[in-house]
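Only one structure is covered here, and it is reproduced in the block below.
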Amino acid sequence: MALSTNPQIQLGEQKKNVLQDVAPPAKLSGKEIVYKYIVFLPLFIVSISIALTVAYINIRYKIPMFNSSISLLIKDDKSSKGGGDDLILENLTTYKKKTNLSNEIELIKSVSMLARVVKILNLNWIYFNEGNIKRAELYGKATSIHANWVELKDSTIPASLIIVRKRDAVYIEFGPNRYKKIFTGDIVDFPIGKMRVFFDANEILKDSKYIISYQPTNNAAAAIAGGLQIRQLSKETTILQLSITQEIPQKGRDILNTLVNVYNEVNVEDKNRISDNTIRFIDERLDVLTGDLAKVEDDLEAFKQRYGIIDLDKQGAESYKQSGDLKDKIAAQEVQLKVIEMVKDYVSTPKRKYELVPTTLGVEDPTLSGLITNYNMLQLERSAKLKTMPEENPIIKVIEHQIEQVRVRIIEDLVNISKTKTTLSKSVKDNYSALLTSEKLIPEEERGILEIMRQRGIKEKLYLFLLQKREESEITRAATIGNSLPIDPATSGGQVSPDVSNIYRTSFVIGLLIPIIFIYLIDLLNDKIIVRNDIARVTTAAIIGEVAHHSSQNRVLVVSNKDRSVLAEQFRILRTNVSFLIGPNVKCPVLLVTSSIAGEGKTFCSMNLAAVWGIAGKKTVILELDLRKPKIAKSLGLINEKGITHFMLGQIPAESIPIPIPNTENLYIVPAGIIPPNPSEMIMDPRMGEFIAYLKTQFDLIIIDSAPVGLVSDSKIIAQLADATIYIVRQRFTVKKQLPFINELYQQNLLPNIGILVNDVKIGGINSYYGYGYGYGYGYSYNYNYNYRYGSEKVTAWTKLKSMFKI
């Protein structure tokens with residue numbers, strides 16, 4: 001090899017091309033990202049398997065739940081107008097309800113509404129079969145166990161009872177190994193009452209545990225309300241879909257069907273409240289009028305008996321006819337006044353402050369009709385709000401205030417109407433009195449009879465009028481129907497919980513994400529050099545070679561003559577790259593081998609690089625200049641040999657220091673000698689340059705094993721005598737924060753011709769140096785199974801696959 005003595009010579013074009021081929025692109029490719037996770041395939045398999053196993057266990061032992069639903073059409077009373085008889089019935093009906101779906105939804109979901117369902121279906125009682133893993137609910141025909149309260153002191157406290165069958169008898173379980181024999185129909189005492197238990201002993205499975213649970217009505221209703229879902233199918237319809245999830249589909253269907261029936265019953269009850277109040281009011285007034293009519297009849301009978309009158313004279317028929325017309329008007333006015341007075345008394349009664357006002361009973365006044373309709377609507381609204389709110393609620397107080405205002409206005413309007421009717425009645429009576437004055441010739445007895453008959457006629461008309469209104473109210477009540485209609489009976493769908501496909505899908509994703517997160521955290525927390533790109537992204541210095549991980553404990557000289565191992569080939573490649581790094585005109589190049597810190601394999605690389613050069617026929621010497629912690633001489637067994645420090649002290653001549661290494665051709669070592677107290681000053685001594693100059697005359701290559709440049713300044717001092725620097729970086733050992741320091745040394749040319757050598761490279765597995773499976777190496781694949789064993793052993797695809805996942 002033709003070499004030059006200039007350590008700072010510029011690299012030729014060939015050297016540039018080779019070093020560029022050595023350095024990979026700094027950007028992480030998609031293939032590297034994929035392989036980064038593929039090498040963890042066993043971890044992915046284990047994680048996904050565990051996740052799917054947990055999912056299977058969850059599905060296997062989770063109680064299945066089923067969804068039941070029913071569609072309910074809410075009819076709007078405003079839009080239900082028909083013709084003929086329907087119109088007549090509607091006109092007689094005083095209750096016109098406007099549909100508000102939000103209110104209807106809240107009413108259906110109210111605890112009071114659901115409490116009726118609980119009582120009808122007896123859902124206070126729940127029966128379970130307690131298995132070893134999960135509990136199964138029993139309902140309807142599926143259970144032969146039933147219970148009821150014979151005596152209940154406090155219905156707001158829950159209670160439960162456990163019964164088991166052992167051998168041929170049924171027992172109550174009070175605790176571990178505490179049992180009491182029981183027969184069907186027996187009464188069990190509780191602090192809150194006495195419970196009677198019924199069961200079929202033949203249906204009780206041996207060694208099975210059954211639980212009887214009692215829940216207060218409101219608790220059971222609240223539990224149903226929590227699982228009840230109500231939604232409007234669309235904004236254009238008034239159809240509500242009710243759905244509930246239950247362990248037993250039949251129970252869900254029964255709850256929905258019963259709830260719809262109860263909702264209709266409550267709706268009809270609300271509608272009939274006005275009719276019921278009107279009928280009650282009319283009945284009260286009819287009782288009073290019946291007594292008045294009886295008194296008038298008695299008066300008439302007594303009058304006739306006293307005066308001996310059998311038949312009325314037809315005298316003055318024409319006058320009587322006119323007076324009759326006036327009497328009819330007076331009677332009509334009297335009826336109106338009586339009705340007004342009755343309604344006024346009814347509204348003014350304090351105990352009926354929050355009761356519905358009956359119809360106007362024939363009083364033709366639009367203002368009064370509007371006020372009474374508004375009054376009744378407010379009463380119904382207050383009644384509906386009280387189902388879900390206390391009386392102290394501000395909303396209730398506002399409604400009560402509005403009711404009071406409307407009530408006052410009704411009374412005021414009745415007073416005004418009464419005044420008008422009274423004035424009109426007085427005018428008619430004046431006309432009637434004038435007519436009576438002209439009937440002086442009519443006998444006094446006959447006039448007495450006419451007066452009695454007039455009183456009887458007024459009361460009869462009022463009585464008949466009230467009877468008519470009562471019949472109208474009865475017709476209205478009989479014609480009242482609920483404003484909802486179930487489109488179809490409740491139906492049950494498939495199982496909704498556990499959702500098998502969704503659980504498996506979610507578990508698979510979780511099992512997939514856990515390793516991904518784990519790998520990401522490893523990368524995030526890792527501060528060591530792992531892949532080649534970790535170096536290439538930080539420094540522009542060329543990577544001139546890699547040395548594979550060597551599992552042997554003897555890491556002194558692993559390169560020998562005719563050695564075709566991976567390590568030997570790697571050092572041969574390094575030897576070639578170093579030749580390009582130095583240049584073609586250096587006669588006896590001086591290579592400085594250093595690193596950032598101790599333990600990165602500087603000594604091992606120095607010795608084997610020297611050995612591979614010696615095998616090539618180059619007389620090579622290793623200069624042990626790590627004067628603070630020399631290792632080479634000790635590892636070769638050259639203890640107590642004279643070394644560099646002895647020469648620097650003038651104790652021995654230079655030609656006596658190089659020592660040949662046994663069993664290795666052309667390889668010599670210059671030991672460090674004794675450890676001096678001032679290594680840096682000794683290296684700076686001019687005699688060190690004289691010694692290097694002497695070695696250049698005797699050897700073809702000088703390799704200096706120097707101290708770590710990141711710890712002491714020895715390497716920077718000796719670098720002035722070197723032609724090139726081999727900077728050792730160890731995979732999985734050198735921390736990433738040391739790489740900027742290497743780049744600084746390279747950029748500022750503080751060390752000559754720096755080339756990076758990566759030591760202890762792990763090729764396969766999760767710590768692969770070549771980016772998780774991305775392998776290249778100057779024409780050779782750094783795989784221990786390559787054709788560098790003995791002869792040309794062929795590597796199978798299965799062998800490559802196993803090597804790929806090797807950790």
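By order in the structure tokens, chains are A, B, ...; within a chain, residues start at 1; ligands start at 1, following the order shown.
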
| Can you list, as a PyMOL selection string, every residue of range 241-447 of chain A that DSSP puts in strand (DSSP E or B)? | chain A and resi 241-246

| task | List the neighbours of range 595-598 of chain A out to 8 Å using only C-alpha atoms; skip same-chain residues closer than 2 positions along the sequence, and give me the result as a list in words. | result |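 Once the adjacent positions are removed, what remains is Val593, Glu600, Gly601, Lys602, Ala707, Pro708, Val709, Gly710, Leu711, Tyr727, Ile728, Val729 and Gln738 of chain A.
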
| So which residues touch Lys716 in chain A within 8 Å, counting only C-alpha atoms, skipping near sequence neighbours fewer than 3 positions away, as a PyMOL selection string? | chain A and resi 709+713+719-720+750-751

How about saving the chosen residues, N, CA, C and O atoms kept, as a short mmCIF file (atom, residue, chain, number, x, y, z; two decimals), in the first residue's frame?
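Generated file (again-v6.cif):
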```
data_model
loop_
_atom_site.label_atom_id
_atom_site.label_comp_id
_atom_site.auth_asym_id
_atom_site.auth_seq_id
_atom_site.Cartn_x
_atom_site.Cartn_y
_atom_site.Cartn_z
N VAL A 709 -12.05 10.22 24.87
CA VAL A 709 -11.93 11.65 24.63
C VAL A 709 -13.00 12.44 25.37
O VAL A 709 -12.85 13.65 25.62
N SER A 713 -8.34 14.75 28.32
CA SER A 713 -7.83 15.44 27.13
C SER A 713 -6.68 14.71 26.45
O SER A 713 -6.11 15.22 25.49
N ALA A 719 -3.75 13.35 19.25
CA ALA A 719 -4.33 13.44 17.91
C ALA A 719 -3.45 14.23 16.96
O ALA A 719 -3.54 14.06 15.73
N GLN A 720 -2.60 15.10 17.49
CA GLN A 720 -1.73 15.89 16.64
C GLN A 720 -0.72 15.03 15.89
O GLN A 720 -0.15 15.44 14.88
N LEU A 750 -11.24 18.69 15.45
CA LEU A 750 -10.42 18.55 16.64
C LEU A 750 -9.70 17.22 16.67
O LEU A 750 -8.68 17.07 17.36
N LEU A 751 -10.22 16.23 15.95
CA LEU A 751 -9.55 14.95 15.76
C LEU A 751 -9.43 14.72 14.26
O LEU A 751 -10.35 15.02 13.51
#
```

| task | Determine the nearest neighbour of Ser69 in chain A from the options A:Pro662, A:Gly493, A:Pro584, A:Pro515, counting only C-alpha atoms. | result |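 The closest residue to Ser69 in chain A is A:Gly493.
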
| Any idea what's packed within 10 Å of range 631-633 of chain A, counting only C-alpha atoms, ignoring anything in its chain fewer than 6 positions away? Could you give it as JSON, numbers by chain? | {"A": [556, 603, 604, 606, 607, 622, 623, 624, 639, 640, 641, 643, 659, 661, 669, 670, 671, 672, 673, 705]}

Restricted to N, CA, C and O atoms, what would the selected residues look like written as a CSV table (one decimal), in the first residue's frame?
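Once written, selection04.csv looks like this:
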```csv
chain,number,residue,atom,x,y,z
A,556,VAL,N,-10.6,-10.8,23.5
A,556,VAL,CA,-9.3,-10.2,23.3
A,556,VAL,C,-9.0,-10.2,21.8
A,556,VAL,O,-9.1,-9.2,21.1
A,603,THR,N,-10.5,-1.0,23.3
A,603,THR,CA,-9.4,-1.9,23.4
A,603,THR,C,-9.6,-3.1,22.5
A,603,THR,O,-8.7,-3.5,21.7
A,604,PHE,N,-10.8,-3.7,22.5
A,604,PHE,CA,-11.1,-4.9,21.7
A,604,PHE,C,-11.0,-4.6,20.2
A,604,PHE,O,-10.4,-5.3,19.5
A,606,SER,N,-9.3,-2.1,18.8
A,606,SER,CA,-7.9,-1.8,18.5
A,606,SER,C,-7.1,-3.1,18.2
A,606,SER,O,-6.4,-3.2,17.2
A,607,MET,N,-7.2,-4.0,19.1
A,607,MET,CA,-6.4,-5.3,19.0
A,607,MET,C,-6.8,-6.1,17.7
A,607,MET,O,-5.9,-6.5,17.0
A,622,ILE,N,0.6,-1.9,18.3
A,622,ILE,CA,-0.4,-1.3,19.1
A,622,ILE,C,0.2,-0.5,20.2
A,622,ILE,O,1.0,-1.1,21.0
A,623,LEU,N,-0.1,0.7,20.2
A,623,LEU,CA,0.5,1.6,21.2
A,623,LEU,C,-0.5,1.8,22.3
A,623,LEU,O,-1.5,2.4,22.1
A,624,GLU,N,-0.2,1.3,23.5
A,624,GLU,CA,-1.1,1.4,24.7
A,624,GLU,C,-1.0,2.7,25.4
A,624,GLU,O,-0.2,2.9,26.3
A,639,ILE,N,2.4,-8.8,31.9
A,639,ILE,CA,2.4,-8.1,33.2
A,639,ILE,C,3.9,-7.8,33.6
A,639,ILE,O,4.8,-8.6,33.3
A,640,ASN,N,4.1,-6.6,34.1
A,640,ASN,CA,5.4,-6.1,34.6
A,640,ASN,C,6.4,-5.9,33.4
A,640,ASN,O,7.6,-5.9,33.6
A,641,GLU,N,5.8,-5.7,32.2
A,641,GLU,CA,6.7,-5.4,31.1
A,641,GLU,C,7.0,-3.9,31.1
A,641,GLU,O,6.2,-3.1,31.5
A,643,GLY,N,7.4,-0.3,29.5
A,643,GLY,CA,6.5,0.3,28.5
A,643,GLY,C,6.9,1.8,28.2
A,643,GLY,O,8.0,2.2,28.4
A,659,ILE,N,6.9,-5.4,21.8
A,659,ILE,CA,6.9,-6.8,22.2
A,659,ILE,C,6.0,-7.5,21.2
A,659,ILE,O,4.8,-7.1,21.0
A,661,ILE,N,3.4,-10.2,19.8
A,661,ILE,CA,2.2,-10.9,20.4
A,661,ILE,C,2.3,-12.3,19.9
A,661,ILE,O,2.4,-12.6,18.7
A,669,ILE,N,3.1,-5.1,20.3
A,669,ILE,CA,2.4,-4.2,21.3
A,669,ILE,C,3.5,-3.4,22.1
A,669,ILE,O,4.5,-3.9,22.4
A,670,VAL,N,3.1,-2.1,22.3
A,670,VAL,CA,4.0,-1.3,23.2
A,670,VAL,C,3.2,-1.1,24.5
A,670,VAL,O,2.2,-0.3,24.4
A,671,PRO,N,3.5,-1.7,25.6
A,671,PRO,CA,2.8,-1.6,26.8
A,671,PRO,C,2.8,-0.2,27.3
A,671,PRO,O,3.7,0.6,27.0
A,672,ALA,N,1.9,0.1,28.2
A,672,ALA,CA,1.9,1.4,28.8
A,672,ALA,C,2.9,1.6,29.9
A,672,ALA,O,3.4,2.7,30.1
A,673,GLY,N,3.3,0.5,30.5
A,673,GLY,CA,4.2,0.6,31.6
A,673,GLY,C,3.5,0.9,32.9
A,673,GLY,O,2.3,0.7,33.1
A,705,ASP,N,-4.1,3.0,21.1
A,705,ASP,CA,-5.3,2.8,21.9
A,705,ASP,C,-5.3,3.9,23.0
A,705,ASP,O,-4.5,3.8,24.0
```

| said: Can you measure CA of Ser160 in chain A to CA of Asn177 in chain A for me? One decimal in Å is fine. | reply: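 Calculated distance between CA of Ser160 in chain A and CA of Asn177 in chain A is 18.0 Å.
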
| request: Please provide as an MDAnalysis selection string all residues within 12 Å of Trp125 in chain A, with the sequence filter that same-chain residues fewer than 2 positions apart are discarded (counting only C-alpha atoms). | output: chainID A and resid 118:123 127:128 137:140 145:149 158:161 195 197 211:217 219:220

Please, could you write that set of residues out with N, CA and C atoms as a compact mmCIF listing (two decimals), in the first residue's frame?
```txt
# COMPACT_ATOMS: atom_id res chain seq x y z
N VAL A 118 -95.27 -1.57 38.57
CA VAL A 118 -94.67 -2.47 39.56
C VAL A 118 -95.75 -3.20 40.35
N LYS A 119 -96.77 -2.46 40.75
CA LYS A 119 -97.84 -3.09 41.54
C LYS A 119 -98.65 -4.08 40.71
N ILE A 120 -98.93 -3.73 39.48
CA ILE A 120 -99.73 -4.63 38.62
C ILE A 120 -98.99 -5.92 38.35
N LEU A 121 -97.71 -5.83 38.01
CA LEU A 121 -96.91 -7.03 37.66
C LEU A 121 -96.23 -7.65 38.87
N ASN A 122 -96.42 -7.04 40.04
CA ASN A 122 -95.79 -7.56 41.27
C ASN A 122 -94.27 -7.62 41.12
N LEU A 123 -93.70 -6.54 40.57
CA LEU A 123 -92.27 -6.52 40.33
C LEU A 123 -91.46 -6.14 41.57
N TYR A 127 -86.70 -12.90 41.82
CA TYR A 127 -86.20 -14.23 42.19
C TYR A 127 -84.97 -14.56 41.35
N PHE A 128 -83.94 -15.08 42.01
CA PHE A 128 -82.68 -15.38 41.34
C PHE A 128 -82.25 -16.81 41.65
N GLU A 137 -81.78 -14.53 36.70
CA GLU A 137 -83.08 -14.12 37.21
C GLU A 137 -84.15 -15.11 36.75
N LEU A 138 -85.12 -15.36 37.62
CA LEU A 138 -86.25 -16.24 37.32
C LEU A 138 -87.51 -15.38 37.26
N TYR A 139 -88.35 -15.63 36.25
CA TYR A 139 -89.54 -14.79 36.06
C TYR A 139 -90.66 -15.61 35.43
N GLY A 140 -91.87 -15.32 35.86
CA GLY A 140 -93.04 -15.93 35.25
C GLY A 140 -93.07 -17.43 35.42
N ILE A 145 -90.92 -20.44 42.57
CA ILE A 145 -90.77 -19.80 43.88
C ILE A 145 -91.54 -18.49 43.87
N HIS A 146 -92.33 -18.28 44.93
CA HIS A 146 -93.09 -17.04 45.06
C HIS A 146 -93.14 -16.67 46.53
N ALA A 147 -93.35 -15.40 46.80
CA ALA A 147 -93.43 -14.92 48.18
C ALA A 147 -94.36 -13.72 48.23
N ASN A 148 -94.94 -13.48 49.41
CA ASN A 148 -95.75 -12.29 49.64
C ASN A 148 -95.69 -11.96 51.12
N TRP A 149 -96.13 -10.76 51.42
CA TRP A 149 -96.11 -10.30 52.82
C TRP A 149 -97.44 -10.64 53.48
N PRO A 158 -86.00 -2.68 51.96
CA PRO A 158 -85.86 -3.92 51.19
C PRO A 158 -85.58 -5.11 52.10
N ALA A 159 -85.80 -6.28 51.56
CA ALA A 159 -85.54 -7.51 52.30
C ALA A 159 -85.18 -8.61 51.31
N SER A 160 -84.46 -9.63 51.79
CA SER A 160 -84.08 -10.75 50.93
C SER A 160 -84.02 -12.02 51.75
N LEU A 161 -84.16 -13.14 51.05
CA LEU A 161 -84.16 -14.45 51.69
C LEU A 161 -83.45 -15.43 50.77
N MET A 195 -93.10 -12.80 56.06
CA MET A 195 -93.12 -13.18 54.65
C MET A 195 -93.53 -14.65 54.53
N VAL A 197 -93.63 -17.90 52.06
CA VAL A 197 -92.84 -18.40 50.94
C VAL A 197 -93.53 -19.63 50.36
N ILE A 211 -82.48 -16.95 45.59
CA ILE A 211 -82.60 -15.70 46.34
C ILE A 211 -83.96 -15.07 46.06
N ILE A 212 -84.68 -14.75 47.12
CA ILE A 212 -85.94 -14.00 47.02
C ILE A 212 -85.63 -12.58 47.49
N SER A 213 -85.84 -11.63 46.62
CA SER A 213 -85.51 -10.23 46.93
C SER A 213 -86.75 -9.37 46.84
N TYR A 214 -86.99 -8.60 47.90
CA TYR A 214 -88.11 -7.65 47.91
C TYR A 214 -87.55 -6.24 47.83
N GLN A 215 -88.08 -5.45 46.90
CA GLN A 215 -87.68 -4.05 46.75
C GLN A 215 -88.91 -3.17 46.95
N PRO A 216 -88.79 -2.08 47.70
CA PRO A 216 -89.91 -1.15 47.82
C PRO A 216 -90.38 -0.69 46.44
N THR A 217 -91.66 -0.33 46.38
CA THR A 217 -92.25 0.01 45.08
C THR A 217 -91.49 1.14 44.38
N ASN A 219 -88.39 2.08 44.78
CA ASN A 219 -87.07 1.60 44.36
C ASN A 219 -87.15 0.79 43.08
N ALA A 220 -88.13 -0.13 43.04
CA ALA A 220 -88.30 -0.94 41.84
C ALA A 220 -88.69 -0.07 40.65
```
